[in-house]
file structure04.cif (mmCIF, C-alpha atoms)
data_entry
#
loop_
_atom_site.label_atom_id
_atom_site.label_comp_id
_atom_site.auth_asym_id
_atom_site.auth_seq_id
_atom_site.Cartn_x
_atom_site.Cartn_y
_atom_site.Cartn_z
CA MET M 258 0.00 0.00 0.00
CA GLU M 259 1.19 3.54 -0.80
CA GLN M 260 0.19 6.88 0.72
CA VAL M 261 0.91 10.19 -0.99
CA ASP M 262 0.05 13.46 0.80
CA GLY M 263 -0.92 16.47 -1.31
CA GLY M 264 -1.77 19.99 -0.26
CA GLU M 265 -5.44 19.34 0.41
CA TRP M 266 -5.71 15.65 -0.43
CA VAL M 267 -4.31 12.21 0.40
CA GLU M 268 -4.00 9.42 -2.16
CA PHE M 269 -3.94 5.74 -1.17
CA ALA M 270 -2.94 3.00 -3.62
CA LEU M 271 -3.44 -0.68 -2.88
CA TYR M 272 -1.63 -3.16 -5.13
CA GLY M 273 -2.53 -6.79 -5.74
CA ALA M 274 -2.07 -9.58 -8.25
CA PRO M 275 -4.90 -10.33 -10.72
CA GLY M 276 -7.90 -11.71 -8.87
CA GLU M 277 -6.72 -10.59 -5.42
CA LEU M 278 -8.58 -7.27 -5.33
CA PRO M 279 -12.23 -6.51 -6.17
CA ALA M 280 -13.08 -4.63 -9.33
CA LEU M 281 -13.44 -0.95 -8.42
CA PRO M 282 -15.13 1.23 -11.03
CA ARG M 283 -14.50 4.96 -10.78
CA GLY M 284 -16.95 6.76 -8.50
CA GLU M 285 -17.36 8.74 -5.29
CA ALA M 286 -18.07 7.54 -1.76
CA GLU M 287 -18.12 8.86 1.80
CA VAL M 288 -15.66 7.38 4.30
CA GLY M 289 -15.48 8.68 7.87
CA GLY M 290 -17.22 11.89 6.89
CA ALA M 291 -14.81 12.61 4.04
CA ARG M 292 -15.67 12.52 0.35
CA VAL M 293 -13.38 10.18 -1.59
CA THR M 294 -12.89 9.20 -5.22
CA VAL M 295 -12.45 5.47 -5.82
CA ALA M 296 -10.95 3.91 -8.94
CA GLY M 297 -9.43 0.62 -10.01
CA THR M 298 -6.66 0.64 -12.61
CA GLU M 299 -4.58 -2.12 -14.12
CA VAL M 300 -0.90 -1.44 -13.53
CA PRO M 301 2.16 -2.77 -15.38
CA ASP M 302 3.52 -6.22 -14.58
CA ASP M 303 6.43 -4.68 -12.66
CA TRP M 304 4.13 -3.32 -9.93
CA GLU M 305 6.04 -5.25 -7.24
CA GLU M 306 9.25 -3.40 -8.12
CA ARG M 307 7.35 -0.11 -8.44
CA TRP M 308 5.98 -0.70 -4.93
CA LYS M 309 9.50 -1.21 -3.59
CA ARG M 310 10.68 2.04 -5.14
CA PHE M 311 8.06 3.89 -3.12
CA HIS M 312 9.67 2.84 0.17
CA ARG M 313 12.87 4.85 0.49
CA PRO M 314 15.28 4.93 3.43
CA VAL M 315 14.97 7.85 5.84
CA LEU M 316 17.75 9.50 7.85
CA VAL M 317 16.35 11.19 10.97
CA ALA M 318 18.41 13.97 12.57
CA ASP M 319 21.63 12.29 11.37
CA LYS M 320 21.15 9.70 14.12
CA LEU M 321 18.57 7.12 12.99
CA TYR M 322 18.47 5.44 9.58
CA VAL M 323 15.23 3.61 8.79
CA ARG M 324 15.28 1.45 5.67
CA PRO M 325 13.46 -1.47 4.01
CA PRO M 326 15.43 -4.73 3.75
CA TRP M 327 16.35 -4.29 0.08
CA GLU M 328 18.13 -0.94 0.59
CA GLN M 329 21.82 -0.67 1.45
CA PRO M 330 22.84 -0.43 5.12
CA ALA M 331 23.80 2.86 6.70
CA VAL M 332 27.46 3.81 6.23
CA ARG M 333 27.69 6.85 8.50
CA PRO M 334 29.49 6.27 11.81
CA GLY M 335 27.33 6.73 14.91
CA VAL M 336 24.05 6.26 13.04
CA LYS M 337 21.70 3.62 14.46
CA GLU M 338 19.92 1.56 11.83
CA ILE M 339 16.36 0.21 11.85
CA VAL M 340 15.30 -2.25 9.15
CA ILE M 341 11.53 -2.50 8.62
CA ASP M 342 9.69 -4.73 6.18
CA PRO M 343 6.83 -2.53 4.88
CA GLY M 344 4.93 -5.57 3.66
CA ARG M 345 3.97 -6.64 7.19
CA ALA M 346 2.10 -3.60 8.56
CA PHE M 347 1.84 0.18 8.37
CA GLY M 348 4.57 2.38 9.74
CA THR M 349 7.92 2.18 7.93
CA GLY M 350 9.33 5.45 9.21
CA THR M 351 8.75 7.32 5.96
CA HIS M 352 5.41 8.91 6.88
CA PRO M 353 5.77 12.41 8.37
CA THR M 354 4.04 11.43 11.63
CA THR M 355 6.54 8.62 12.29
CA ARG M 356 9.54 10.76 11.33
CA LEU M 357 8.39 13.55 13.65
CA CYS M 358 7.95 11.09 16.54
CA LEU M 359 11.49 9.82 16.00
CA GLU M 360 12.83 13.38 15.97
CA LEU M 361 11.16 14.15 19.29
CA MET M 362 12.40 10.86 20.79
CA LEU M 363 15.95 11.84 19.86
CA GLU M 364 15.58 15.06 21.85
CA LEU M 365 14.81 13.14 25.05
CA SER M 366 17.16 11.54 27.53
CA ALA M 367 16.82 7.83 26.71
CA ARG M 368 16.17 6.47 30.19
CA GLY M 369 13.45 4.52 31.91
CA SER M 370 10.38 2.78 30.56
CA PHE M 371 8.79 3.42 27.17
CA ALA M 372 5.32 2.63 25.80
CA ASP M 373 4.37 2.69 22.11
CA LEU M 374 0.60 3.12 21.70
CA GLY M 375 -0.53 1.87 18.30
CA CYS M 376 2.81 0.29 17.46
CA GLY M 377 2.07 -0.60 13.81
CA SER M 378 5.22 -2.28 12.55
CA GLY M 379 7.19 -1.40 15.67
CA VAL M 380 9.38 1.43 14.38
CA LEU M 381 9.11 3.56 17.52
CA SER M 382 9.52 0.62 19.89
CA ILE M 383 12.60 -0.63 18.06
CA ALA M 384 14.06 2.88 18.00
CA ALA M 385 13.42 3.19 21.74
CA ALA M 386 15.29 -0.06 22.38
CA LYS M 387 18.24 1.02 20.26
CA LEU M 388 18.36 4.40 22.01
CA GLY M 389 18.46 2.81 25.47
CA PHE M 390 14.94 2.98 26.90
CA GLU M 391 13.83 -0.02 28.98
CA PRO M 392 11.55 -1.79 29.67
CA ILE M 393 9.55 -1.31 26.48
CA THR M 394 5.84 -1.95 25.93
CA ALA M 395 4.25 -1.99 22.46
CA VAL M 396 0.50 -2.33 21.97
CA ASP M 397 -1.89 -2.30 19.03
CA SER M 398 -5.46 -3.47 18.43
CA ASP M 399 -4.45 -5.19 15.19
CA ARG M 400 -3.15 -8.75 15.51
CA LEU M 401 -1.05 -8.37 12.34
CA ALA M 402 0.61 -5.26 13.78
CA VAL M 403 1.57 -7.17 16.93
CA GLU M 404 3.03 -9.99 14.83
CA ALA M 405 4.91 -7.52 12.63
CA THR M 406 6.35 -5.71 15.64
CA LEU M 407 7.61 -8.96 17.16
CA GLN M 408 9.19 -10.08 13.90
CA ASN M 409 10.76 -6.69 13.17
CA ALA M 410 12.18 -6.57 16.69
CA ARG M 411 13.80 -9.96 16.14
CA ASP M 412 15.14 -8.88 12.76
CA ASN M 413 16.70 -5.81 14.39
CA GLY M 414 18.18 -7.77 17.28
CA VAL M 415 16.32 -5.92 20.04
CA TRP M 416 14.17 -7.10 22.92
CA LEU M 417 10.73 -5.65 23.60
CA ASP M 418 9.46 -6.59 27.05
CA ARG M 419 5.73 -6.57 26.29
CA VAL M 420 4.08 -6.72 22.86
CA GLU M 421 0.36 -7.42 22.83
CA ARG M 422 -3.08 -6.50 21.56
CA HIS M 423 -4.75 -3.69 23.46
CA ASP M 424 -7.98 -1.78 22.79
CA LEU M 425 -7.11 1.86 23.41
CA ARG M 426 -10.74 2.83 22.77
CA ARG M 427 -11.92 0.99 25.88
CA GLN M 428 -8.87 0.26 28.06
CA PRO M 429 -6.52 2.66 29.83
CA PRO M 430 -3.17 2.82 28.03
CA PRO M 431 -0.18 1.11 29.66
CA SER M 432 1.88 3.36 31.92
CA ALA M 433 5.49 4.27 31.25
CA GLY M 434 7.94 7.08 31.90
CA THR M 435 7.90 8.01 28.22
CA VAL M 436 4.87 7.34 26.03
CA ALA M 437 4.55 7.76 22.26
CA ALA M 438 1.09 7.73 20.67
CA ASN M 439 1.09 8.02 16.89
CA LEU M 440 -2.69 7.81 16.46
CA MET M 441 -5.49 9.74 14.81
CA ARG M 442 -7.29 12.60 16.56
CA PRO M 443 -10.43 10.70 17.76
CA LEU M 444 -8.36 7.93 19.35
CA LEU M 445 -5.93 10.37 20.94
CA LEU M 446 -8.87 12.17 22.56
CA GLN M 447 -10.11 8.82 23.89
CA VAL M 448 -6.65 7.98 25.23
CA ALA M 449 -6.65 11.32 27.05
CA LYS M 450 -9.92 10.39 28.78
CA LEU M 451 -8.76 6.92 29.80
CA MET M 452 -5.15 7.67 30.78
CA GLU M 453 -4.85 7.01 34.51
CA GLU M 454 -1.24 8.04 35.07
CA LYS M 455 0.46 10.87 33.21
CA PRO M 456 3.96 9.98 31.92
CA ARG M 457 7.09 12.01 32.42
CA ALA M 458 7.16 12.72 28.68
CA LEU M 459 4.37 12.20 26.14
CA ILE M 460 4.81 12.33 22.36
CA LEU M 461 1.61 12.75 20.35
CA SER M 462 1.41 12.48 16.57
CA GLY M 463 -0.91 11.38 13.78
CA LEU M 464 -2.38 14.88 13.83
CA LEU M 465 -3.17 17.28 11.06
CA ASP M 466 -1.86 20.74 11.93
CA PRO M 467 -5.31 22.27 12.72
CA GLU M 468 -6.14 19.41 15.12
CA THR M 469 -3.13 19.79 17.35
CA ASP M 470 -4.25 22.47 19.80
CA GLU M 471 -7.45 20.58 20.66
CA VAL M 472 -5.59 17.35 21.37
CA VAL M 473 -2.88 19.06 23.42
CA ALA M 474 -5.57 20.68 25.59
CA ALA M 475 -7.17 17.27 26.21
CA PHE M 476 -4.01 16.08 28.01
CA ALA M 477 -3.90 18.96 30.52
CA PRO M 478 -2.35 19.54 33.01
CA MET M 479 0.55 18.31 30.86
CA ARG M 480 2.07 21.19 28.92
CA GLU M 481 3.42 21.45 25.41
CA ARG M 482 7.21 21.72 25.29
CA ARG M 483 7.95 21.22 21.59
CA ARG M 484 5.99 21.06 18.36
CA LEU M 485 7.18 19.87 14.94
CA SER M 486 5.32 20.04 11.65
CA LEU M 487 5.95 18.40 8.28
CA GLN M 488 3.76 18.28 5.17
CA GLY M 489 0.67 19.33 7.10
CA TRP M 490 1.18 16.84 9.96
CA SER M 491 2.18 17.70 13.53
CA ALA M 492 3.81 15.99 16.49
CA VAL M 493 4.12 17.47 19.96
CA LEU M 494 6.08 16.73 23.10
CA LEU M 495 4.23 17.21 26.39
CA THR M 496 5.72 17.07 29.88
#

call {"tool": "encode", "arguments": {"input": "structure04.cif", "output": "structure tokens"}}
result
Amino acid sequence: MEQVDGGEWVEFALYGAPGELPALPRGEAEVGGARVTVAGTEVPDDWEERWKRFHRPVLVADKLYVRPPWEQPAVRPGVKEIVIDPGRAFGTGTHPTTRLCLELMLELSARGSFADLGCGSGVLSIAAAKLGFEPITAVDSDRLAVEATLQNARDNGVWLDRVERHDLRRQPPPSAGTVAANLMRPLLLQVAKLMEEKPRALILSGLLDPETDEVVAAFAPMRERRRLSLQGWSAVLLT
């Protein structure tokens, strides 16, 4: 799957071999209150290679290098590398929300416990382990995300103390000294209601720029210390 962010639009492309995907004639539909255009198009036979070309390595703050398995390893001294297979689950480190979370993590003192809410493919949890946080908890409601996080952690040679399914819509999030929540606005607001113990540092992302102030206010009395923005997406650090 690909995601391309435009100025006032987002395009999603889902690839599949013949017969794997339903026929999708061009038309309009409403999804989550947003109007979308849907179309199905036959792509060239080299779509698998085209899909790989979409997933490029990312260097974050000259300290973390996130790459898919088919790209060359990092060559810069002192750069920690994270290898993520984008075929297993969302979250390869290339999306602005993930990159911004990693940038904010790098600004923190890597000490004490860490919790990754909505771990996806485990990028933030693996980065936390490589930076020196421990113990590390990673949760997601999606079984495939949990499996991907476990496998990616093994592939990167790191240990995550607790990786499990967790319904953040109904259950309080796990407690930790540092918490990262790369989620969408409605779920972040629900996490704010259910959170029983405020962490020492809280990183919030998955937010469009205009949504950020509302979500920050929901986590009061924690206060905003840092805000980053990229391509219309925001991430904030609260303490």

call {"tool": "closest_residue", "arguments": {"input": "structure04.cif", "among": "M:Ala331, M:Leu388, M:Leu374, M:Val380", "to": "Arg426 (chain M)", "atoms": "only C-alpha atoms"}}
result
M:Leu374

call {"tool": "resolve_selection", "arguments": {"input": "structure04.cif", "expression": "the PyMOL selection byres ((chain M and resi 322) around 10)", "output": "PDB file with C-alpha atoms, keeping the file's coordinate frame"}}
result
ATOM      1  CA  PRO M 314      15.280   4.930   3.430  1.00  0.00           C
ATOM      2  CA  VAL M 315      14.970   7.850   5.840  1.00  0.00           C
ATOM      3  CA  LEU M 316      17.750   9.500   7.850  1.00  0.00           C
ATOM      4  CA  VAL M 317      16.350  11.190  10.970  1.00  0.00           C
ATOM      5  CA  ALA M 318      18.410  13.970  12.570  1.00  0.00           C
ATOM      6  CA  ASP M 319      21.630  12.290  11.370  1.00  0.00           C
ATOM      7  CA  LYS M 320      21.150   9.700  14.120  1.00  0.00           C
ATOM      8  CA  LEU M 321      18.570   7.120  12.990  1.00  0.00           C
ATOM      9  CA  VAL M 323      15.230   3.610   8.790  1.00  0.00           C
ATOM     10  CA  ARG M 324      15.280   1.450   5.670  1.00  0.00           C
ATOM     11  CA  PRO M 330      22.840  -0.430   5.120  1.00  0.00           C
ATOM     12  CA  ALA M 331      23.800   2.860   6.700  1.00  0.00           C
ATOM     13  CA  VAL M 332      27.460   3.810   6.230  1.00  0.00           C
ATOM     14  CA  ARG M 333      27.690   6.850   8.500  1.00  0.00           C
ATOM     15  CA  VAL M 336      24.050   6.260  13.040  1.00  0.00           C
ATOM     16  CA  LYS M 337      21.700   3.620  14.460  1.00  0.00           C
ATOM     17  CA  GLU M 338      19.920   1.560  11.830  1.00  0.00           C
ATOM     18  CA  ILE M 339      16.360   0.210  11.850  1.00  0.00           C
ATOM     19  CA  VAL M 340      15.300  -2.250   9.150  1.00  0.00           C
ATOM     20  CA  GLY M 350       9.330   5.450   9.210  1.00  0.00           C
ATOM     21  CA  ALA M 384      14.060   2.880  18.000  1.00  0.00           C
TER      22      ALA M 384
END

call {"tool": "atom_distance", "arguments": {"input": "structure04.cif", "atom1": "CA of Ala372 (chain M)", "atom2": "CA of Thr435 (chain M)"}}
result
6.4 Å

call {"tool": "residues_around", "arguments": {"input": "structure04.cif", "residues": "Thr355 (chain M)", "least_positions_apart": "6", "cutoff": "9 Å", "atoms": "all atoms listed in the file", "output": "compact mmCIF listing (two decimals) with C-alpha atoms, in the coordinates of the input"}}
result
# COMPACT_ATOMS: atom_id res chain seq x y z
CA GLY M 348 4.57 2.38 9.74
CA THR M 349 7.92 2.18 7.93
CA VAL M 380 9.38 1.43 14.38
CA LEU M 381 9.11 3.56 17.52
CA ASN M 439 1.09 8.02 16.89
CA SER M 462 1.41 12.48 16.57
CA GLY M 463 -0.91 11.38 13.78
CA ALA M 492 3.81 15.99 16.49

call {"tool": "residues_around", "arguments": {"input": "structure04.cif", "residues": "Asp342 (chain M)", "least_positions_apart": "5", "cutoff": "8 Å", "atoms": "all atoms listed in the file", "output": "PyMOL selection string"}}
result
chain M and resi 325-326+349+409

call {"tool": "closest_residue", "arguments": {"input": "structure04.cif", "among": "M:Leu365, M:Leu359, M:Ala477, M:Leu465", "to": "Met452 (chain M)", "atoms": "all atoms listed in the file"}}
result
M:Ala477

call {"tool": "resolve_selection", "arguments": {"input": "structure04.cif", "expression": "the PyMOL selection byres ((chain M and resi 483) around 10)", "output": "list in words"}}
result
Leu361, Glu364, Ile460, Arg480, Glu481, Arg482, Arg484, Leu485, Ala492, Val493, Leu494, Leu495 and Thr496 of chain M

call {"tool": "closest_residue", "arguments": {"input": "structure04.cif", "among": "M:Leu446, M:Val396, M:Ala385, M:Val436", "to": "Trp416 (chain M)", "atoms": "only C-alpha atoms"}}
result
M:Ala385

call {"tool": "closest_residue", "arguments": {"input": "structure04.cif", "among": "M:Ser491, M:Ser378, M:Thr294, M:Thr394", "to": "Gly434 (chain M)", "atoms": "all atoms listed in the file"}}
result
M:Thr394

call {"tool": "residues_around", "arguments": {"input": "structure04.cif", "residues": "region 442-444 of chain M", "least_positions_apart": "6", "cutoff": "12 Å", "atoms": "all atoms listed in the file", "output": "PDB file with C-alpha atoms, in the coordinates of the input"}}
result
ATOM      1  CA  GLY M 289     -15.480   8.680   7.870  1.00  0.00           C
ATOM      2  CA  LEU M 374       0.600   3.120  21.700  1.00  0.00           C
ATOM      3  CA  GLY M 375      -0.530   1.870  18.300  1.00  0.00           C
ATOM      4  CA  SER M 398      -5.460  -3.470  18.430  1.00  0.00           C
ATOM      5  CA  ASP M 424      -7.980  -1.780  22.790  1.00  0.00           C
ATOM      6  CA  LEU M 425      -7.110   1.860  23.410  1.00  0.00           C
ATOM      7  CA  ARG M 426     -10.740   2.830  22.770  1.00  0.00           C
ATOM      8  CA  ARG M 427     -11.920   0.990  25.880  1.00  0.00           C
ATOM      9  CA  GLN M 428      -8.870   0.260  28.060  1.00  0.00           C
ATOM     10  CA  PRO M 429      -6.520   2.660  29.830  1.00  0.00           C
ATOM     11  CA  PRO M 430      -3.170   2.820  28.030  1.00  0.00           C
ATOM     12  CA  LYS M 450      -9.920  10.390  28.780  1.00  0.00           C
ATOM     13  CA  LEU M 451      -8.760   6.920  29.800  1.00  0.00           C
ATOM     14  CA  MET M 452      -5.150   7.670  30.780  1.00  0.00           C
ATOM     15  CA  LEU M 461       1.610  12.750  20.350  1.00  0.00           C
ATOM     16  CA  SER M 462       1.410  12.480  16.570  1.00  0.00           C
ATOM     17  CA  GLY M 463      -0.910  11.380  13.780  1.00  0.00           C
ATOM     18  CA  LEU M 464      -2.380  14.880  13.830  1.00  0.00           C
ATOM     19  CA  LEU M 465      -3.170  17.280  11.060  1.00  0.00           C
ATOM     20  CA  ASP M 466      -1.860  20.740  11.930  1.00  0.00           C
ATOM     21  CA  PRO M 467      -5.310  22.270  12.720  1.00  0.00           C
ATOM     22  CA  GLU M 468      -6.140  19.410  15.120  1.00  0.00           C
ATOM     23  CA  THR M 469      -3.130  19.790  17.350  1.00  0.00           C
ATOM     24  CA  ASP M 470      -4.250  22.470  19.800  1.00  0.00           C
ATOM     25  CA  GLU M 471      -7.450  20.580  20.660  1.00  0.00           C
ATOM     26  CA  VAL M 472      -5.590  17.350  21.370  1.00  0.00           C
ATOM     27  CA  VAL M 473      -2.880  19.060  23.420  1.00  0.00           C
ATOM     28  CA  ALA M 475      -7.170  17.270  26.210  1.00  0.00           C
ATOM     29  CA  TRP M 490       1.180  16.840   9.960  1.00  0.00           C
ATOM     30  CA  SER M 491       2.180  17.700  13.530  1.00  0.00           C
ATOM     31  CA  ALA M 492       3.810  15.990  16.490  1.00  0.00           C
TER      32      ALA M 492
END

call {"tool": "closest_residue", "arguments": {"input": "structure04.cif", "among": "M:Glu404, M:Asp397, M:Glu287, M:Glu454", "to": "Asp373 (chain M)", "atoms": "all atoms listed in the file"}}
result
M:Asp397

call {"tool": "closest_residue", "arguments": {"input": "structure04.cif", "among": "M:Leu440, M:Arg422, M:Leu417, M:Phe390", "to": "Val403 (chain M)", "atoms": "all atoms listed in the file"}}
result
M:Arg422

call {"tool": "atom_distance", "arguments": {"input": "structure04.cif", "atom1": "CA of Arg411 (chain M)", "atom2": "CA of Glu391 (chain M)"}}
result
16.2 Å

call {"tool": "atom_distance", "arguments": {"input": "structure04.cif", "atom1": "CA of Pro478 (chain M)", "atom2": "CA of Pro456 (chain M)"}}
result
11.5 Å

call {"tool": "decode", "arguments": {"input": "structure04.cif", "residues": "region 447-471 of chain M", "atoms": "N, CA, C and O atoms", "output": "PDB file, in the first residue's frame"}}
result
ATOM      1  N   GLN M 447      -9.646   9.901  23.021  1.00  0.00           N
ATOM      2  CA  GLN M 447     -10.112   8.824  23.894  1.00  0.00           C
ATOM      3  C   GLN M 447      -9.011   8.387  24.854  1.00  0.00           C
ATOM      4  O   GLN M 447      -9.271   8.118  26.035  1.00  0.00           O
ATOM      5  N   VAL M 448      -7.785   8.312  24.365  1.00  0.00           N
ATOM      6  CA  VAL M 448      -6.654   7.975  25.234  1.00  0.00           C
ATOM      7  C   VAL M 448      -6.522   9.000  26.354  1.00  0.00           C
ATOM      8  O   VAL M 448      -6.256   8.660  27.518  1.00  0.00           O
ATOM      9  N   ALA M 449      -6.727  10.270  26.031  1.00  0.00           N
ATOM     10  CA  ALA M 449      -6.650  11.324  27.050  1.00  0.00           C
ATOM     11  C   ALA M 449      -7.681  11.099  28.155  1.00  0.00           C
ATOM     12  O   ALA M 449      -7.409  11.312  29.339  1.00  0.00           O
ATOM     13  N   LYS M 450      -8.873  10.640  27.788  1.00  0.00           N
ATOM     14  CA  LYS M 450      -9.921  10.390  28.783  1.00  0.00           C
ATOM     15  C   LYS M 450      -9.592   9.192  29.672  1.00  0.00           C
ATOM     16  O   LYS M 450      -9.901   9.189  30.868  1.00  0.00           O
ATOM     17  N   LEU M 451      -8.980   8.175  29.081  1.00  0.00           N
ATOM     18  CA  LEU M 451      -8.760   6.919  29.798  1.00  0.00           C
ATOM     19  C   LEU M 451      -7.414   6.851  30.519  1.00  0.00           C
ATOM     20  O   LEU M 451      -7.231   5.981  31.373  1.00  0.00           O
ATOM     21  N   MET M 452      -6.486   7.734  30.190  1.00  0.00           N
ATOM     22  CA  MET M 452      -5.150   7.666  30.780  1.00  0.00           C
ATOM     23  C   MET M 452      -5.212   7.908  32.281  1.00  0.00           C
ATOM     24  O   MET M 452      -5.679   8.950  32.744  1.00  0.00           O
ATOM     25  N   GLU M 453      -4.750   6.933  33.058  1.00  0.00           N
ATOM     26  CA  GLU M 453      -4.848   7.007  34.512  1.00  0.00           C
ATOM     27  C   GLU M 453      -3.615   7.646  35.144  1.00  0.00           C
ATOM     28  O   GLU M 453      -3.699   8.238  36.214  1.00  0.00           O
ATOM     29  N   GLU M 454      -2.483   7.513  34.510  1.00  0.00           N
ATOM     30  CA  GLU M 454      -1.238   8.038  35.071  1.00  0.00           C
ATOM     31  C   GLU M 454      -0.476   8.777  33.984  1.00  0.00           C
ATOM     32  O   GLU M 454      -0.137   8.219  32.944  1.00  0.00           O
ATOM     33  N   LYS M 455      -0.243  10.067  34.197  1.00  0.00           N
ATOM     34  CA  LYS M 455       0.464  10.871  33.209  1.00  0.00           C
ATOM     35  C   LYS M 455       1.949  10.486  33.197  1.00  0.00           C
ATOM     36  O   LYS M 455       2.575  10.339  34.245  1.00  0.00           O
ATOM     37  N   PRO M 456       2.540  10.326  32.008  1.00  0.00           N
ATOM     38  CA  PRO M 456       3.956   9.980  31.922  1.00  0.00           C
ATOM     39  C   PRO M 456       4.846  11.194  32.172  1.00  0.00           C
ATOM     40  O   PRO M 456       4.371  12.334  32.219  1.00  0.00           O
ATOM     41  N   ARG M 457       6.134  10.917  32.298  1.00  0.00           N
ATOM     42  CA  ARG M 457       7.094  12.011  32.419  1.00  0.00           C
ATOM     43  C   ARG M 457       7.173  12.800  31.116  1.00  0.00           C
ATOM     44  O   ARG M 457       7.289  14.023  31.110  1.00  0.00           O
ATOM     45  N   ALA M 458       7.124  12.092  30.002  1.00  0.00           N
ATOM     46  CA  ALA M 458       7.156  12.720  28.679  1.00  0.00           C
ATOM     47  C   ALA M 458       6.165  11.994  27.776  1.00  0.00           C
ATOM     48  O   ALA M 458       6.095  10.764  27.783  1.00  0.00           O
ATOM     49  N   LEU M 459       5.400  12.764  27.009  1.00  0.00           N
ATOM     50  CA  LEU M 459       4.374  12.198  26.139  1.00  0.00           C
ATOM     51  C   LEU M 459       4.526  12.784  24.742  1.00  0.00           C
ATOM     52  O   LEU M 459       4.506  14.013  24.561  1.00  0.00           O
ATOM     53  N   ILE M 460       4.709  11.908  23.751  1.00  0.00           N
ATOM     54  CA  ILE M 460       4.806  12.328  22.358  1.00  0.00           C
ATOM     55  C   ILE M 460       3.503  11.962  21.660  1.00  0.00           C
ATOM     56  O   ILE M 460       3.085  10.804  21.665  1.00  0.00           O
ATOM     57  N   LEU M 461       2.865  12.958  21.067  1.00  0.00           N
ATOM     58  CA  LEU M 461       1.606  12.752  20.351  1.00  0.00           C
ATOM     59  C   LEU M 461       1.820  13.067  18.877  1.00  0.00           C
ATOM     60  O   LEU M 461       2.417  14.091  18.541  1.00  0.00           O
ATOM     61  N   SER M 462       1.318  12.207  18.007  1.00  0.00           N
ATOM     62  CA  SER M 462       1.410  12.478  16.574  1.00  0.00           C
ATOM     63  C   SER M 462       0.221  11.833  15.884  1.00  0.00           C
ATOM     64  O   SER M 462      -0.704  11.355  16.525  1.00  0.00           O
ATOM     65  N   GLY M 463       0.249  11.826  14.541  1.00  0.00           N
ATOM     66  CA  GLY M 463      -0.910  11.376  13.777  1.00  0.00           C
ATOM     67  C   GLY M 463      -1.912  12.492  13.590  1.00  0.00           C
ATOM     68  O   GLY M 463      -3.067  12.247  13.229  1.00  0.00           O
ATOM     69  N   LEU M 464      -1.476  13.729  13.818  1.00  0.00           N
ATOM     70  CA  LEU M 464      -2.378  14.876  13.834  1.00  0.00           C
ATOM     71  C   LEU M 464      -2.163  15.779  12.638  1.00  0.00           C
ATOM     72  O   LEU M 464      -1.023  16.116  12.291  1.00  0.00           O
ATOM     73  N   LEU M 465      -3.251  16.191  12.007  1.00  0.00           N
ATOM     74  CA  LEU M 465      -3.169  17.283  11.055  1.00  0.00           C
ATOM     75  C   LEU M 465      -2.931  18.579  11.822  1.00  0.00           C
ATOM     76  O   LEU M 465      -3.373  18.724  12.974  1.00  0.00           O
ATOM     77  N   ASP M 466      -2.240  19.510  11.220  1.00  0.00           N
ATOM     78  CA  ASP M 466      -1.864  20.744  11.926  1.00  0.00           C
ATOM     79  C   ASP M 466      -3.035  21.414  12.649  1.00  0.00           C
ATOM     80  O   ASP M 466      -2.898  21.792  13.822  1.00  0.00           O
ATOM     81  N   PRO M 467      -4.209  21.562  12.026  1.00  0.00           N
ATOM     82  CA  PRO M 467      -5.306  22.266  12.715  1.00  0.00           C
ATOM     83  C   PRO M 467      -5.881  21.496  13.907  1.00  0.00           C
ATOM     84  O   PRO M 467      -6.621  22.081  14.715  1.00  0.00           O
ATOM     85  N   GLU M 468      -5.586  20.217  14.033  1.00  0.00           N
ATOM     86  CA  GLU M 468      -6.145  19.410  15.118  1.00  0.00           C
ATOM     87  C   GLU M 468      -5.306  19.455  16.391  1.00  0.00           C
ATOM     88  O   GLU M 468      -5.763  19.024  17.452  1.00  0.00           O
ATOM     89  N   THR M 469      -4.109  19.978  16.281  1.00  0.00           N
ATOM     90  CA  THR M 469      -3.128  19.787  17.346  1.00  0.00           C
ATOM     91  C   THR M 469      -3.500  20.490  18.642  1.00  0.00           C
ATOM     92  O   THR M 469      -3.385  19.911  19.733  1.00  0.00           O
ATOM     93  N   ASP M 470      -3.945  21.727  18.579  1.00  0.00           N
ATOM     94  CA  ASP M 470      -4.254  22.471  19.804  1.00  0.00           C
ATOM     95  C   ASP M 470      -5.337  21.773  20.626  1.00  0.00           C
ATOM     96  O   ASP M 470      -5.253  21.692  21.861  1.00  0.00           O
ATOM     97  N   GLU M 471      -6.359  21.265  19.949  1.00  0.00           N
ATOM     98  CA  GLU M 471      -7.447  20.582  20.661  1.00  0.00           C
ATOM     99  C   GLU M 471      -6.926  19.358  21.404  1.00  0.00           C
ATOM    100  O   GLU M 471      -7.284  19.122  22.571  1.00  0.00           O
TER     101      GLU M 471
END
